[in-house]
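Here's the structure, in structure tokens; my notes come after.
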Amino acid sequence: MALFVSMKILLGITGSVSAYKAPWLVRDLRRAGHDVRVVMTPSARAFVAPLALEAVSQHPVIIDPYDPSIQEGGSWHVHLARWADVMLVAPCSATTVARIANGLCDTALMTVIASRPLDTPLLVAPAMDTDMWDQPSVQRNVAQLRADGIVVIDPAEGELASGLVGKGRLPELDVLVEVVEQHMRATPTNTHEIDESTPASSQSLAGKRVVITAGPTHERIDAVRAIVNHATGTMGFAIAAAAQQRGALVTLVTGPTHLDTPHGVHRVDITSAAEMYDAVMRTTDQDVFIFSAAVADYTPAHPIDGKMKKTEQSSDTITLDLVRTRDILATVGAAKQSHQRVVGFALEHDNVLAYGKDKLVRKNADMIVANQAGVADSGFGTGNNTITLITHSHEPRTYPPMSKRACAELILDALETL
């Protein structure tokens with residue numbers, strides 16, 4: 001059975017300057033569909049207000065282990081530890097790194113961590129100045145955490161609160177969310193079923209050659225203007241990262257975007273629909289094609305070399321002659337061989353299911369990922385998506401809003417059953 005997990009995350013916050021980012025981290029985790037409860041160390045209050053964290057998490061924030069309002073027969077810490085699917089300490093100060101490494105239970109956070117079931121992942125994101133991070137004592141403690149099976153998220157490099165530049169920054173929030181979500185497949189709670197099949201292993205696509213398109217295309221009007229859309233490429237990049245982590249050899253053909261290339265992925269940058277078509281046609285011997293890009297259906301018939309001047313126009317209106325672009329999904333679908341799988345996307349304003357089913361047949365695809373434009377947590381410009389998976393062999397399955405990385409896992413799980 002392939003699973004997506006909407007996780008229960010216990011977030012520990014400690015006395016690091018970067019604790020001021022914690023409300024945004026809680027917000028991003030909740031936007032990704034997860035339930036978050038916060039436990040703070042007393043020193044963390046110097047950097048972030050508990051009330052702000054209560055507001056964004058919609059749960060009371062625990063600081064005092066002896067607070068009478070949280071007691072559950074003297075075992076509140078045990079119940080809270082068993083509630084969590086994943087524990088994340090971010091930021092984690094040098095003091096708390098030492099506490100975890102040596103099992104010191106002198107704060108509410110440490111009491112919960114010490115009560116953690118051993119099969120519950122614990123992730124720690126240290127954040128401190130470079131000189132503190134490089135101390136032999138800190139590195140010994142970090143090594144002990146890793147030896148104990150704790151996931152240590154290395155600090156990022158950059159400008160620090162001290163004004164110095166070096167290693168020690170809390171990683172960007174989207175990085176933290178992605179690392180946490182990588183553990184969702186190991187936690188069999190709060191699941192949404194895709195199909196009756198065996199879960200994909202971490203290398204379930206090993207050796208498969210996968211082509212993914214992502215982002216928008218820009219169709220040139222003149223030297224400075226183009227027809228564009230609002231696609232950001234986030235969905236396609238998430239699929240590329242997830243496929244690579246499953247062992248696939250991934251080629252990512254992307255339109256203009258500011259996103260970083262996922263680790264281990266071969267990236268091909270294009271601008272126009274014609275360039276994307278040509279790039280994909282050079283890969284038609286691959287095993288899997290996932291077309292998530294928002295490719296323009298039409299392009300200007302006669303783009304101008306220079307800049308079109310308003311003063312040169314004799315009218316207050318202008319007419320652009322547009323011609324249809326070549327259909328990448330239909331072309332690959334029509335020529336696919338028995339061992340190849342083709343996945344398309346359908347973004348619609350209405351009749352999403354009907355249009356998706358029609359597209360599945362017309363384009364000779366194996367699966368259509370349908371979603372709705374113009375609504376929250378779906379389509380362009382959002383970190384989340386709301387998808388319906390349509391195939392020939394199963395009834396369409398609609399899933400609740402979730403992060404695009406979580407959607408990517410669902411899509412790949414379903415792909416492996418085709």
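Ordering of the structure tokens sets the chain letters (A, B, ...), residue numbers begin anew at 1 in every chain, and ligands are numbered from 1 in the order given.
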
From a backbone DSSP assignment, name each residue in segment 268-297 of chain A labelled helix (DSSP H, G or I), as a PDB file with N, CA and C atoms, in the first residue's frame.
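Generated file (states20.pdb):
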```pdb
ATOM      1  N   ALA A 273       8.332  27.170 -26.025  1.00  0.00           N
ATOM      2  CA  ALA A 273       7.692  25.868 -26.227  1.00  0.00           C
ATOM      3  C   ALA A 273       8.430  25.062 -27.294  1.00  0.00           C
ATOM      4  N   ALA A 274       8.888  25.739 -28.342  1.00  0.00           N
ATOM      5  CA  ALA A 274       9.627  25.040 -29.400  1.00  0.00           C
ATOM      6  C   ALA A 274      10.919  24.446 -28.869  1.00  0.00           C
ATOM      7  N   GLU A 275      11.605  25.192 -28.014  1.00  0.00           N
ATOM      8  CA  GLU A 275      12.849  24.684 -27.443  1.00  0.00           C
ATOM      9  C   GLU A 275      12.580  23.504 -26.509  1.00  0.00           C
ATOM     10  N   MET A 276      11.477  23.558 -25.755  1.00  0.00           N
ATOM     11  CA  MET A 276      11.143  22.439 -24.880  1.00  0.00           C
ATOM     12  C   MET A 276      10.803  21.201 -25.712  1.00  0.00           C
ATOM     13  N   TYR A 277      10.054  21.399 -26.790  1.00  0.00           N
ATOM     14  CA  TYR A 277       9.718  20.285 -27.688  1.00  0.00           C
ATOM     15  C   TYR A 277      10.993  19.629 -28.213  1.00  0.00           C
ATOM     16  N   ASP A 278      11.929  20.430 -28.706  1.00  0.00           N
ATOM     17  CA  ASP A 278      13.161  19.885 -29.264  1.00  0.00           C
ATOM     18  C   ASP A 278      13.968  19.147 -28.197  1.00  0.00           C
ATOM     19  N   ALA A 279      14.018  19.703 -26.977  1.00  0.00           N
ATOM     20  CA  ALA A 279      14.788  19.064 -25.903  1.00  0.00           C
ATOM     21  C   ALA A 279      14.191  17.714 -25.537  1.00  0.00           C
ATOM     22  N   VAL A 280      12.856  17.640 -25.466  1.00  0.00           N
ATOM     23  CA  VAL A 280      12.207  16.372 -25.129  1.00  0.00           C
ATOM     24  C   VAL A 280      12.388  15.365 -26.253  1.00  0.00           C
ATOM     25  N   MET A 281      12.309  15.813 -27.504  1.00  0.00           N
ATOM     26  CA  MET A 281      12.442  14.887 -28.629  1.00  0.00           C
ATOM     27  C   MET A 281      13.831  14.254 -28.698  1.00  0.00           C
TER      28      MET A 281
END
```

Write out as an mmCIF file with C-alpha atoms, in the first residue's frame each polymer residue whose atoms come within 12 Å of Lys167 of chain A, counting only C-alpha atoms; drop sequence neighbours fewer than 6 positions from it.
```
data_model
loop_
_atom_site.group_PDB
_atom_site.id
_atom_site.type_symbol
_atom_site.label_atom_id
_atom_site.label_comp_id
_atom_site.auth_asym_id
_atom_site.auth_seq_id
_atom_site.Cartn_x
_atom_site.Cartn_y
_atom_site.Cartn_z
ATOM 1 C CA PRO A 126 22.158 23.157 15.026
ATOM 2 C CA ALA A 127 22.480 26.935 14.667
ATOM 3 C CA MET A 128 25.309 28.918 16.256
ATOM 4 C CA ASP A 129 28.345 31.012 15.372
ATOM 5 C CA THR A 130 31.090 29.366 13.317
ATOM 6 C CA ASP A 131 33.609 29.344 16.152
ATOM 7 C CA MET A 132 31.097 27.576 18.407
ATOM 8 C CA TRP A 133 30.215 25.050 15.702
ATOM 9 C CA ASP A 134 33.901 24.258 15.120
ATOM 10 C CA ASP A 154 24.165 20.564 8.956
ATOM 11 C CA PRO A 155 24.052 24.339 9.367
ATOM 12 C CA ALA A 156 24.231 26.517 6.283
ATOM 13 C CA GLU A 157 26.995 28.976 5.418
ATOM 14 C CA GLY A 158 26.457 32.720 5.248
ATOM 15 C CA GLU A 159 26.285 35.880 7.312
ATOM 16 C CA LEU A 160 25.824 35.216 11.023
ATOM 17 C CA ALA A 161 24.295 37.262 13.836
#
```

### Message
Give me, as a PyMOL selection string, the residues of segment 143-289 of chain A that a backbone DSSP run labels strand (DSSP E).
### Response
chain A and resi 151-152+156-159+165-169+191-193+209-214+219-220+226-227+249-254+266-269+288-289

#### Entry: Close residues, segment 305-321 of chain A itself excluded, 8 Å, only C-alpha atoms, min 6 positions apart in chain, as a ChimeraX atom specification
/A:222-224

I need the residues from that last selection saved to file as a compact mmCIF listing (two decimals), in the first residue's frame (with C-alpha atoms), if you can.
```txt
# COMPACT_ATOMS: atom_id res chain seq x y z
CA ASP A 222 9.75 41.16 -29.61
CA ALA A 223 13.18 41.63 -28.07
CA VAL A 224 11.78 42.67 -24.67
```

### Task
Just the residues within 7 Å of Ala214 of chain A, please, counting only C-alpha atoms, with nothing from its chain fewer than 5 positions along; format it as a ChimeraX atom specification.
/A:233,236-237,253-255,292-293

With N, CA and C atoms retained, could you export that selection as a compact mmCIF listing (two decimals), in the first residue's frame?
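Writing done, so here's part.txt:
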```txt
# COMPACT_ATOMS: atom_id res chain seq x y z
N GLY A 233 7.45 26.26 -11.60
CA GLY A 233 8.29 25.07 -11.72
C GLY A 233 8.39 24.24 -10.45
N GLY A 236 7.26 20.43 -10.76
CA GLY A 236 8.18 19.61 -11.54
C GLY A 236 9.51 19.38 -10.83
N PHE A 237 10.02 20.42 -10.17
CA PHE A 237 11.28 20.27 -9.44
C PHE A 237 11.11 19.31 -8.26
N VAL A 253 13.84 19.15 -17.87
CA VAL A 253 13.78 20.18 -18.91
C VAL A 253 12.89 21.29 -18.37
N THR A 254 13.46 22.45 -18.13
CA THR A 254 12.72 23.50 -17.43
C THR A 254 12.74 24.83 -18.15
N GLY A 255 11.60 25.48 -18.09
CA GLY A 255 11.52 26.86 -18.55
C GLY A 255 12.12 27.80 -17.53
N SER A 292 5.00 18.11 -16.50
CA SER A 292 4.34 19.02 -15.56
C SER A 292 4.48 20.49 -15.96
N ALA A 293 5.24 20.77 -17.02
CA ALA A 293 5.44 22.15 -17.45
C ALA A 293 4.14 22.77 -17.96
```

#### Entry: Residues near Ile328 of chain A, cut-off 12 Å, only C-alpha atoms, skip fewer than 2 positions along chain, as a ChimeraX atom specification
/A:212-213,273-284,289-297,324-326,330-335,342-345,363-365

Mind dumping the selected residues with C-alpha atoms as a compact mmCIF listing (two decimals), in the first residue's frame?
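Contents of again.txt, as written:
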```txt
# COMPACT_ATOMS: atom_id res chain seq x y z
CA ILE A 212 10.45 15.67 -16.40
CA THR A 213 9.35 19.03 -17.79
CA ALA A 273 7.69 25.87 -26.23
CA ALA A 274 9.63 25.04 -29.40
CA GLU A 275 12.85 24.68 -27.44
CA MET A 276 11.14 22.44 -24.88
CA TYR A 277 9.72 20.29 -27.69
CA ASP A 278 13.16 19.89 -29.26
CA ALA A 279 14.79 19.06 -25.90
CA VAL A 280 12.21 16.37 -25.13
CA MET A 281 12.44 14.89 -28.63
CA ARG A 282 16.14 14.26 -27.98
CA THR A 283 15.16 11.97 -25.09
CA THR A 284 12.48 9.75 -26.63
CA PHE A 289 8.03 11.01 -19.18
CA ILE A 290 6.33 13.35 -16.69
CA PHE A 291 5.09 16.53 -18.34
CA SER A 292 4.34 19.02 -15.56
CA ALA A 293 5.44 22.15 -17.45
CA ALA A 294 2.87 24.82 -18.33
CA VAL A 295 3.68 24.94 -22.04
CA ALA A 296 2.12 27.73 -24.08
CA ASP A 297 -0.52 26.49 -26.52
CA ARG A 324 -0.37 26.68 -32.27
CA THR A 325 2.72 25.15 -30.66
CA ARG A 326 3.58 21.49 -31.11
CA ALA A 330 0.48 14.07 -27.58
CA THR A 331 3.63 13.49 -29.63
CA VAL A 332 5.34 11.35 -27.00
CA GLY A 333 2.09 9.56 -26.12
CA ALA A 334 1.46 8.61 -29.75
CA ALA A 335 4.96 7.14 -30.17
CA VAL A 342 3.78 8.87 -19.98
CA VAL A 343 2.27 11.19 -17.36
CA GLY A 344 0.61 14.49 -18.21
CA PHE A 345 -0.85 17.34 -16.15
CA LYS A 363 -3.04 12.11 -25.54
CA ASN A 364 -2.55 8.34 -25.09
CA ALA A 365 -1.12 8.96 -21.62
```
